[in-house]
file upload.txt (compact mmCIF, C-alpha atoms)
# COMPACT_ATOMS: atom_id res chain seq x y z
CA MET U 1 -21.62 5.20 -10.48
CA SER U 2 -19.61 3.27 -7.93
CA PHE U 3 -17.21 0.36 -7.99
CA THR U 4 -15.35 -1.74 -5.43
CA VAL U 5 -11.58 -1.87 -5.09
CA TYR U 6 -9.68 -4.52 -3.15
CA PHE U 7 -6.26 -3.18 -2.23
CA VAL U 8 -3.78 -5.96 -1.42
CA ARG U 9 -0.37 -5.42 0.09
CA HIS U 10 2.29 -7.48 -1.67
CA GLY U 11 3.84 -10.49 0.05
CA GLN U 12 6.82 -10.15 2.35
CA THR U 13 10.09 -9.30 0.59
CA LEU U 14 13.72 -9.69 1.56
CA LEU U 15 13.95 -6.04 2.58
CA ASN U 16 10.73 -6.35 4.61
CA LYS U 17 12.27 -9.30 6.44
CA PHE U 18 15.44 -7.36 7.19
CA ARG U 19 13.41 -4.30 8.28
CA ARG U 20 14.88 -2.02 5.66
CA MET U 21 13.29 0.91 3.86
CA GLN U 22 11.67 -0.24 0.64
CA GLY U 23 9.83 2.32 -1.42
CA TRP U 24 10.87 2.73 -5.02
CA CYS U 25 13.63 0.13 -4.65
CA ASP U 26 12.67 -3.52 -4.98
CA SER U 27 13.56 -6.97 -3.64
CA PRO U 28 12.24 -10.51 -4.20
CA LEU U 29 9.49 -12.21 -2.25
CA THR U 30 10.64 -14.47 0.57
CA GLU U 31 9.16 -17.93 1.13
CA LYS U 32 6.79 -16.28 3.60
CA GLY U 33 6.02 -13.65 0.97
CA ILE U 34 4.98 -16.31 -1.52
CA ASN U 35 2.71 -17.83 1.13
CA ASP U 36 1.31 -14.34 1.87
CA ALA U 37 0.38 -14.00 -1.80
CA ILE U 38 -1.12 -17.49 -1.97
CA SER U 39 -3.17 -16.72 1.14
CA ALA U 40 -4.47 -13.49 -0.40
CA GLY U 41 -5.41 -15.46 -3.50
CA LYS U 42 -7.41 -17.96 -1.46
CA HIS U 43 -9.23 -15.18 0.37
CA LEU U 44 -10.18 -13.54 -2.94
CA GLN U 45 -10.68 -16.66 -5.03
CA ASN U 46 -14.45 -16.26 -5.41
CA LEU U 47 -14.31 -12.68 -6.64
CA LYS U 48 -14.49 -11.99 -10.35
CA PHE U 49 -12.37 -8.91 -11.00
CA THR U 50 -13.18 -6.70 -13.98
CA ASN U 51 -9.67 -5.27 -13.92
CA ILE U 52 -6.46 -5.97 -12.05
CA TYR U 53 -3.87 -3.27 -11.46
CA ARG U 54 -0.48 -3.37 -9.79
CA SER U 55 2.37 -0.98 -9.19
CA ASP U 56 5.45 -1.18 -11.39
CA MET U 57 7.43 -3.21 -8.83
CA THR U 58 8.45 -6.86 -9.20
CA ARG U 59 7.05 -7.64 -5.75
CA THR U 60 3.53 -6.68 -6.85
CA ALA U 61 3.90 -8.56 -10.14
CA ARG U 62 4.76 -11.79 -8.32
CA THR U 63 1.99 -11.28 -5.77
CA CYS U 64 -0.49 -10.80 -8.63
CA LYS U 65 0.61 -14.05 -10.19
CA TYR U 66 -0.25 -16.09 -7.11
CA ILE U 67 -3.58 -14.33 -6.61
CA ILE U 68 -4.60 -15.04 -10.20
CA GLN U 69 -3.53 -18.68 -9.93
CA ALA U 70 -5.83 -19.20 -6.92
CA SER U 71 -8.91 -17.66 -8.55
CA GLN U 72 -12.02 -19.66 -9.44
CA HIS U 73 -12.53 -17.34 -12.43
CA GLN U 74 -10.77 -16.45 -15.64
CA LEU U 75 -9.22 -13.12 -14.74
CA PRO U 76 -7.77 -10.35 -16.92
CA GLN U 77 -4.04 -9.80 -17.10
CA PRO U 78 -2.75 -7.18 -14.65
CA LYS U 79 -2.15 -3.64 -15.86
CA VAL U 80 0.65 -1.52 -14.46
CA LEU U 81 -0.59 1.60 -12.66
CA GLN U 82 2.53 3.33 -11.38
CA ASN U 83 0.47 5.79 -9.31
CA PHE U 84 -0.07 3.17 -6.61
CA ARG U 85 3.60 2.38 -6.01
CA GLU U 86 5.03 2.80 -2.51
CA GLN U 87 6.07 6.10 -0.98
CA GLY U 88 9.47 7.18 -2.27
CA TYR U 89 12.10 7.29 0.49
CA GLY U 90 14.85 8.92 -1.57
CA TYR U 91 18.28 8.82 0.08
CA PHE U 92 16.97 6.45 2.74
CA GLU U 93 16.01 3.63 0.32
CA GLY U 94 17.49 0.35 1.56
CA ASN U 95 18.57 1.77 4.93
CA ASP U 96 17.76 0.15 8.24
CA SER U 97 14.19 1.26 9.06
CA GLY U 98 14.73 1.91 12.77
CA GLN U 99 17.87 3.94 12.14
CA THR U 100 16.18 5.91 9.36
CA TRP U 101 13.19 6.96 11.41
CA PHE U 102 15.45 7.85 14.33
CA MET U 103 17.39 10.19 12.04
CA VAL U 104 14.20 11.73 10.67
CA GLY U 105 12.42 12.01 14.02
CA ALA U 106 15.22 12.84 16.47
CA PRO U 107 15.07 16.63 15.86
CA TYR U 108 11.41 16.42 16.87
CA ASN U 109 11.96 14.23 19.96
CA CYS U 110 10.71 11.10 18.18
CA GLN U 111 12.80 7.95 18.18
CA SER U 112 10.65 5.73 15.95
CA TYR U 113 8.14 5.84 13.10
CA ARG U 114 5.30 5.08 15.48
CA GLN U 115 6.27 7.96 17.74
CA LEU U 116 6.56 10.27 14.75
CA ILE U 117 3.14 9.47 13.28
CA SER U 118 1.56 9.46 16.75
CA LYS U 119 2.89 12.91 17.61
CA TYR U 120 2.40 14.34 14.12
CA SER U 121 0.85 12.20 11.34
CA ILE U 122 1.78 9.97 8.42
CA LYS U 123 1.29 13.07 6.29
CA ALA U 124 3.81 15.05 8.33
CA SER U 125 6.29 12.16 8.34
CA ARG U 126 6.67 12.50 4.56
CA ASP U 127 7.50 16.19 4.78
CA LEU U 128 9.98 15.57 7.61
CA MET U 129 11.68 12.79 5.64
CA LYS U 130 12.09 15.06 2.62
CA GLU U 131 13.55 17.69 4.93
CA ALA U 132 16.06 15.15 6.30
CA ASP U 133 17.01 13.80 2.86
CA PRO U 134 20.34 15.41 1.85
CA PHE U 135 19.41 14.95 -1.83
CA LYS U 136 15.80 16.14 -1.33
CA VAL U 137 14.43 13.35 -3.53
CA ALA U 138 12.21 11.63 -0.95
CA GLU U 139 8.52 12.30 -1.67
CA ASN U 140 6.88 14.96 0.44
CA ASP U 141 3.16 14.78 1.17
CA GLN U 142 2.11 16.98 -1.74
CA GLU U 143 4.11 14.91 -4.23
CA PHE U 144 2.77 11.67 -2.79
CA TRP U 145 -0.88 12.71 -3.03
CA GLN U 146 -0.50 14.22 -6.48
CA ARG U 147 0.61 10.79 -7.66
CA ILE U 148 -2.05 8.88 -5.71
CA ASN U 149 -4.86 11.21 -6.80
CA GLY U 150 -3.84 10.51 -10.39
CA GLY U 151 -4.32 6.82 -9.67
CA PHE U 152 -7.86 7.35 -8.39
CA GLU U 153 -8.64 9.48 -11.43
CA ALA U 154 -7.40 6.67 -13.70
CA LEU U 155 -9.61 4.17 -11.88
CA ARG U 156 -12.68 6.41 -12.19
CA GLN U 157 -12.05 6.89 -15.92
CA ASN U 158 -11.66 3.18 -16.64
CA GLN U 159 -14.26 1.51 -14.43
CA GLN U 160 -18.00 1.03 -14.80
CA ASN U 161 -20.77 0.90 -12.24
CA GLY U 162 -20.62 -2.28 -10.18
CA ASP U 163 -17.10 -3.30 -11.21
CA GLN U 164 -14.88 -5.22 -8.82
CA VAL U 165 -11.23 -4.24 -9.10
CA LEU U 166 -8.01 -5.59 -7.61
CA VAL U 167 -5.09 -3.25 -6.92
CA VAL U 168 -1.87 -4.83 -5.61
CA SER U 169 0.01 -2.07 -3.84
CA HIS U 170 2.16 -1.34 -0.78
CA GLY U 171 2.00 -0.97 2.98
CA THR U 172 2.52 2.74 3.58
CA THR U 173 0.43 3.62 0.54
CA ILE U 174 -2.54 1.58 1.80
CA ARG U 175 -2.06 2.86 5.35
CA SER U 176 -2.05 6.44 4.06
CA LEU U 177 -5.25 5.89 2.08
CA VAL U 178 -7.03 4.61 5.17
CA GLU U 179 -5.70 7.46 7.32
CA ARG U 180 -7.12 9.94 4.79
CA PHE U 181 -10.46 8.34 3.94
CA ALA U 182 -11.28 6.60 7.24
CA PRO U 183 -9.62 8.62 10.03
CA GLN U 184 -11.67 6.72 12.60
CA ILE U 185 -9.56 3.60 11.91
CA ASN U 186 -6.44 3.34 14.05
CA VAL U 187 -3.64 3.01 11.50
CA ILE U 188 -1.03 4.13 14.03
CA ASP U 189 -1.18 0.87 15.98
CA GLU U 190 -2.15 -1.34 13.04
CA SER U 191 -0.11 -1.42 9.86
CA PRO U 192 -1.31 -3.57 6.94
CA GLU U 193 0.14 -7.08 6.97
CA ASN U 194 1.82 -8.52 3.89
CA GLY U 195 -0.90 -10.15 1.82
CA SER U 196 -3.69 -8.31 3.64
CA VAL U 197 -6.82 -7.01 1.92
CA THR U 198 -8.36 -3.56 2.35
CA LYS U 199 -11.75 -3.00 0.68
CA MET U 200 -12.98 0.38 -0.57
CA ILE U 201 -16.02 1.58 -2.49
CA ILE U 202 -15.32 4.47 -4.84
CA ASP U 203 -17.79 6.77 -6.54
CA GLU U 204 -17.45 10.05 -8.42
CA ASN U 205 -16.90 12.08 -5.27
CA GLN U 206 -15.64 9.96 -2.41
CA VAL U 207 -13.84 6.86 -1.20
CA ASN U 208 -15.46 4.73 1.51
CA VAL U 209 -13.29 2.23 3.41
CA VAL U 210 -15.34 -0.91 4.08
CA TYR U 211 -12.62 -2.76 5.99
CA TYR U 212 -8.88 -2.55 6.56
CA ASN U 213 -6.08 -5.11 6.88
CA HIS U 214 -7.99 -8.37 6.63
CA TYR U 215 -5.68 -11.39 6.39
CA LEU U 216 -7.17 -14.06 8.67
CA ASP U 217 -9.28 -16.89 7.28
CA GLU U 218 -12.23 -16.06 9.55
CA GLN U 219 -12.44 -12.41 8.38
CA GLU U 220 -14.77 -10.99 5.73
CA TYR U 221 -13.59 -10.71 2.10
call {"tool": "encode", "arguments": {"input": "upload.txt", "output": "structure tokens"}}
result
Amino acid sequence: MSFTVYFVRHGQTLLNKFRRMQGWCDSPLTEKGINDAISAGKHLQNLKFTNIYRSDMTRTARTCKYIIQASQHQLPQPKVLQNFREQGYGYFEGNDSGQTWFMVGAPYNCQSYRQLISKYSIKASRDLMKEADPFKVAENDQEFWQRINGGFEALRQNQQNGDQVLVVSHGTTIRSLVERFAPQINVIDESPENGSVTKMIIDENQVNVVYYNHYLDEQEY
């Protein structure tokens, strides 16, 4: 049994535009964000999804709406699957992104997120953020993957062989999935664009990444 999942990153939000940390906090789509969602809808318009899932954030709900509107098919209503929400940044939610990653990385001679994940890994960055969080509520790597693994288990329990599924999720979540299941893909230099599509094939035992971060008209979907 295997099925195909199209992970879409939500459209740009106000906090994305201002380069602020946005995990479990939320903000509205910008005009660009609406166009990101419309573009994703056009790229996926010929696919007939058996199920549609989204995180419990308003930004994924609005992105879903525009994708469904663009479809050539009658699609099911989205279901909320909280497991695929963004990484939780705890105390740092809403903070300036550059300043946050400087605070987290400076003790390890890293001045930016890219430096931190290049020298260590995305996995390690979660543990270091939790360590830097004075309230210790940011997700560490174990907490993050416990949640995400529950999402994959829910998908496997609810899908049938050959299903095509849409999951509207978040940038660091999608990037982390690709780092784990397709380590040959360079996620350090390429983060998923707002409205981008990442395709995976899932069976009982493994996750295969078919492509990552497609958002241009000439790319495969």
call {"tool": "closest_residue", "arguments": {"input": "upload.txt", "among": "U:Ile202, U:Leu216, U:Val137, U:Cys25", "to": "Gln160 of chain U", "atoms": "all atoms listed in the file"}}
result
U:Ile202
call {"tool": "atom_distance", "arguments": {"input": "upload.txt", "atom1": "atom CA of Arg175 of chain U", "atom2": "atom CA of Glu31 of chain U"}}
result
24.0 Å
call {"tool": "residues_around", "arguments": {"input": "upload.txt", "residues": "Gly33 of chain U", "least_positions_apart": "5", "cutoff": "7 Å", "atoms": "all atoms listed in the file", "output": "MDAnalysis selection string"}}
result
chainID U and resid 11:13
call {"tool": "write_last_selection", "arguments": {"input": "upload.txt", "atoms": "C-alpha atoms", "output": "compact mmCIF listing (two decimals), in the coordinates of the input"}}
result
# COMPACT_ATOMS: atom_id res chain seq x y z
CA GLY U 11 3.84 -10.49 0.05
CA GLN U 12 6.82 -10.15 2.35
CA THR U 13 10.09 -9.30 0.59
call {"tool": "atom_distance", "arguments": {"input": "upload.txt", "atom1": "atom CA of Ala106 of chain U", "atom2": "atom CA of Lys119 of chain U"}}
result
12.4 Å
call {"tool": "atom_distance", "arguments": {"input": "upload.txt", "atom1": "atom CA of Phe144 of chain U", "atom2": "atom CA of Ser118 of chain U"}}
result
19.7 Å
call {"tool": "residues_around", "arguments": {"input": "upload.txt", "residues": "Ser71 of chain U", "least_positions_apart": "5", "cutoff": "10 Å", "atoms": "all atoms listed in the file", "output": "list in words"}}
result
Gly41, Lys42, His43, Leu44, Gln45, Asn46, Leu47, Lys48, Phe49 and Tyr66 of chain U
call {"tool": "write_last_selection", "arguments": {"input": "upload.txt", "atoms": "C-alpha atoms", "output": "PDB file, in the coordinates of the input"}}
result
ATOM      1  CA  GLY U  41      -5.410 -15.460  -3.500  1.00  0.00           C
ATOM      2  CA  LYS U  42      -7.410 -17.960  -1.460  1.00  0.00           C
ATOM      3  CA  HIS U  43      -9.230 -15.180   0.370  1.00  0.00           C
ATOM      4  CA  LEU U  44     -10.180 -13.540  -2.940  1.00  0.00           C
ATOM      5  CA  GLN U  45     -10.680 -16.660  -5.030  1.00  0.00           C
ATOM      6  CA  ASN U  46     -14.450 -16.260  -5.410  1.00  0.00           C
ATOM      7  CA  LEU U  47     -14.310 -12.680  -6.640  1.00  0.00           C
ATOM      8  CA  LYS U  48     -14.490 -11.990 -10.350  1.00  0.00           C
ATOM      9  CA  PHE U  49     -12.370  -8.910 -11.000  1.00  0.00           C
ATOM     10  CA  TYR U  66      -0.250 -16.090  -7.110  1.00  0.00           C
TER      11      TYR U  66
END
call {"tool": "closest_residue", "arguments": {"input": "upload.txt", "among": "U:Phe135, U:Phe18, U:Phe7, U:Phe152", "to": "Cys64 of chain U", "atoms": "all atoms listed in the file"}}
result
U:Phe7
call {"tool": "closest_residue", "arguments": {"input": "upload.txt", "among": "U:Tyr6, U:Ala182, U:Gly151, U:Tyr215", "to": "Asn35 of chain U", "atoms": "all atoms listed in the file"}}
result
U:Tyr215
call {"tool": "closest_residue", "arguments": {"input": "upload.txt", "among": "U:Glu204, U:Asp163, U:Asp189, U:Asp217", "to": "Asn51 of chain U", "atoms": "all atoms listed in the file"}}
result
U:Asp163
call {"tool": "closest_atom_pairs", "arguments": {"input": "upload.txt", "of": "segment 164-196 of chain U", "to": "segment 78-83 of chain U", "cutoff": "10 Å", "atoms": "all atoms listed in the file", "output": "tab-separated table"}}
result
residue	atom	partner	partner_atom	distance
U:Leu166	CA	U:Pro78	CA	8.9
U:Val167	CA	U:Leu81	CA	8.8
U:Val168	CA	U:Pro78	CA	9.4
U:Ser169	CA	U:Leu81	CA	9.6
call {"tool": "residues_around", "arguments": {"input": "upload.txt", "residues": "Asn205 of chain U", "least_positions_apart": "3", "cutoff": "10 Å", "atoms": "all atoms listed in the file", "output": "ChimeraX atom specification"}}
result
/U:1-2,156,202
call {"tool": "write_last_selection", "arguments": {"input": "upload.txt", "atoms": "C-alpha atoms", "output": "CSV table (one decimal), keeping the file's coordinate frame"}}
result
chain,number,residue,atom,x,y,z
U,1,MET,CA,-21.6,5.2,-10.5
U,2,SER,CA,-19.6,3.3,-7.9
U,156,ARG,CA,-12.7,6.4,-12.2
U,202,ILE,CA,-15.3,4.5,-4.8
call {"tool": "closest_residue", "arguments": {"input": "upload.txt", "among": "U:Gly150, U:Gln87, U:His73, U:Ser176", "to": "Lys123 of chain U", "atoms": "only C-alpha atoms"}}
result
U:Ser176
call {"tool": "build_atoms", "arguments": {"input": "upload.txt", "residues": "segment 175-194 of chain U", "atoms": "N, CA, C and O atoms", "output": "mmCIF file, keeping the file's coordinate frame"}}
result
data_model
loop_
_atom_site.group_PDB
_atom_site.id
_atom_site.type_symbol
_atom_site.label_atom_id
_atom_site.label_comp_id
_atom_site.auth_asym_id
_atom_site.auth_seq_id
_atom_site.Cartn_x
_atom_site.Cartn_y
_atom_site.Cartn_z
ATOM 1 N N ARG U 175 -1.881 2.244 4.025
ATOM 2 C CA ARG U 175 -2.060 2.860 5.350
ATOM 3 C C ARG U 175 -2.421 4.335 5.212
ATOM 4 O O ARG U 175 -3.291 4.857 5.926
ATOM 5 N N SER U 176 -1.783 5.020 4.283
ATOM 6 C CA SER U 176 -2.050 6.440 4.060
ATOM 7 C C SER U 176 -3.450 6.662 3.508
ATOM 8 O O SER U 176 -4.133 7.637 3.872
ATOM 9 N N LEU U 177 -3.895 5.784 2.619
ATOM 10 C CA LEU U 177 -5.250 5.890 2.080
ATOM 11 C C LEU U 177 -6.281 5.779 3.196
ATOM 12 O O LEU U 177 -7.244 6.547 3.249
ATOM 13 N N VAL U 178 -6.069 4.816 4.079
ATOM 14 C CA VAL U 178 -7.030 4.610 5.170
ATOM 15 C C VAL U 178 -6.986 5.777 6.149
ATOM 16 O O VAL U 178 -8.031 6.228 6.632
ATOM 17 N N GLU U 179 -5.787 6.297 6.428
ATOM 18 C CA GLU U 179 -5.700 7.460 7.320
ATOM 19 C C GLU U 179 -6.486 8.635 6.745
ATOM 20 O O GLU U 179 -7.151 9.368 7.478
ATOM 21 N N ARG U 180 -6.443 8.800 5.431
ATOM 22 C CA ARG U 180 -7.120 9.940 4.790
ATOM 23 C C ARG U 180 -8.628 9.728 4.691
ATOM 24 O O ARG U 180 -9.406 10.639 5.012
ATOM 25 N N PHE U 181 -9.046 8.550 4.258
ATOM 26 C CA PHE U 181 -10.460 8.340 3.940
ATOM 27 C C PHE U 181 -11.263 7.722 5.081
ATOM 28 O O PHE U 181 -12.489 7.735 5.038
ATOM 29 N N ALA U 182 -10.582 7.187 6.081
ATOM 30 C CA ALA U 182 -11.280 6.600 7.240
ATOM 31 C C ALA U 182 -10.494 6.940 8.502
ATOM 32 O O ALA U 182 -9.911 6.058 9.141
ATOM 33 N N PRO U 183 -10.442 8.214 8.890
ATOM 34 C CA PRO U 183 -9.620 8.620 10.030
ATOM 35 C C PRO U 183 -10.035 7.984 11.348
ATOM 36 O O PRO U 183 -9.265 8.018 12.310
ATOM 37 N N GLN U 184 -11.229 7.398 11.374
ATOM 38 C CA GLN U 184 -11.670 6.720 12.600
ATOM 39 C C GLN U 184 -10.951 5.394 12.819
ATOM 40 O O GLN U 184 -10.972 4.840 13.923
ATOM 41 N N ILE U 185 -10.296 4.864 11.796
ATOM 42 C CA ILE U 185 -9.560 3.600 11.910
ATOM 43 C C ILE U 185 -8.161 3.902 12.448
ATOM 44 O O ILE U 185 -7.482 4.817 11.982
ATOM 45 N N ASN U 186 -7.723 3.117 13.398
ATOM 46 C CA ASN U 186 -6.440 3.340 14.050
ATOM 47 C C ASN U 186 -5.294 2.722 13.240
ATOM 48 O O ASN U 186 -4.918 1.572 13.449
ATOM 49 N N VAL U 187 -4.751 3.512 12.322
ATOM 50 C CA VAL U 187 -3.640 3.010 11.500
ATOM 51 C C VAL U 187 -2.295 3.214 12.192
ATOM 52 O O VAL U 187 -1.274 2.724 11.695
ATOM 53 N N ILE U 188 -2.281 3.938 13.300
ATOM 54 C CA ILE U 188 -1.030 4.130 14.030
ATOM 55 C C ILE U 188 -0.585 2.821 14.674
ATOM 56 O O ILE U 188 0.580 2.424 14.601
ATOM 57 N N ASP U 189 -1.510 2.117 15.298
ATOM 58 C CA ASP U 189 -1.180 0.870 15.980
ATOM 59 C C ASP U 189 -1.330 -0.358 15.096
ATOM 60 O O ASP U 189 -0.936 -1.447 15.491
ATOM 61 N N GLU U 190 -1.909 -0.187 13.918
ATOM 62 C CA GLU U 190 -2.150 -1.340 13.040
ATOM 63 C C GLU U 190 -1.698 -1.013 11.625
ATOM 64 O O GLU U 190 -2.362 -0.262 10.910
ATOM 65 N N SER U 191 -0.573 -1.564 11.240
ATOM 66 C CA SER U 191 -0.110 -1.420 9.860
ATOM 67 C C SER U 191 -0.600 -2.612 9.049
ATOM 68 O O SER U 191 -0.817 -3.689 9.602
ATOM 69 N N PRO U 192 -0.790 -2.449 7.736
ATOM 70 C CA PRO U 192 -1.310 -3.570 6.940
ATOM 71 C C PRO U 192 -0.285 -4.699 6.822
ATOM 72 O O PRO U 192 0.879 -4.470 6.500
ATOM 73 N N GLU U 193 -0.723 -5.897 7.087
ATOM 74 C CA GLU U 193 0.140 -7.080 6.970
ATOM 75 C C GLU U 193 0.421 -7.382 5.507
ATOM 76 O O GLU U 193 -0.373 -7.058 4.617
ATOM 77 N N ASN U 194 1.552 -8.037 5.252
ATOM 78 C CA ASN U 194 1.820 -8.520 3.890
ATOM 79 C C ASN U 194 0.738 -9.493 3.484
ATOM 80 O O ASN U 194 0.408 -10.421 4.230
#
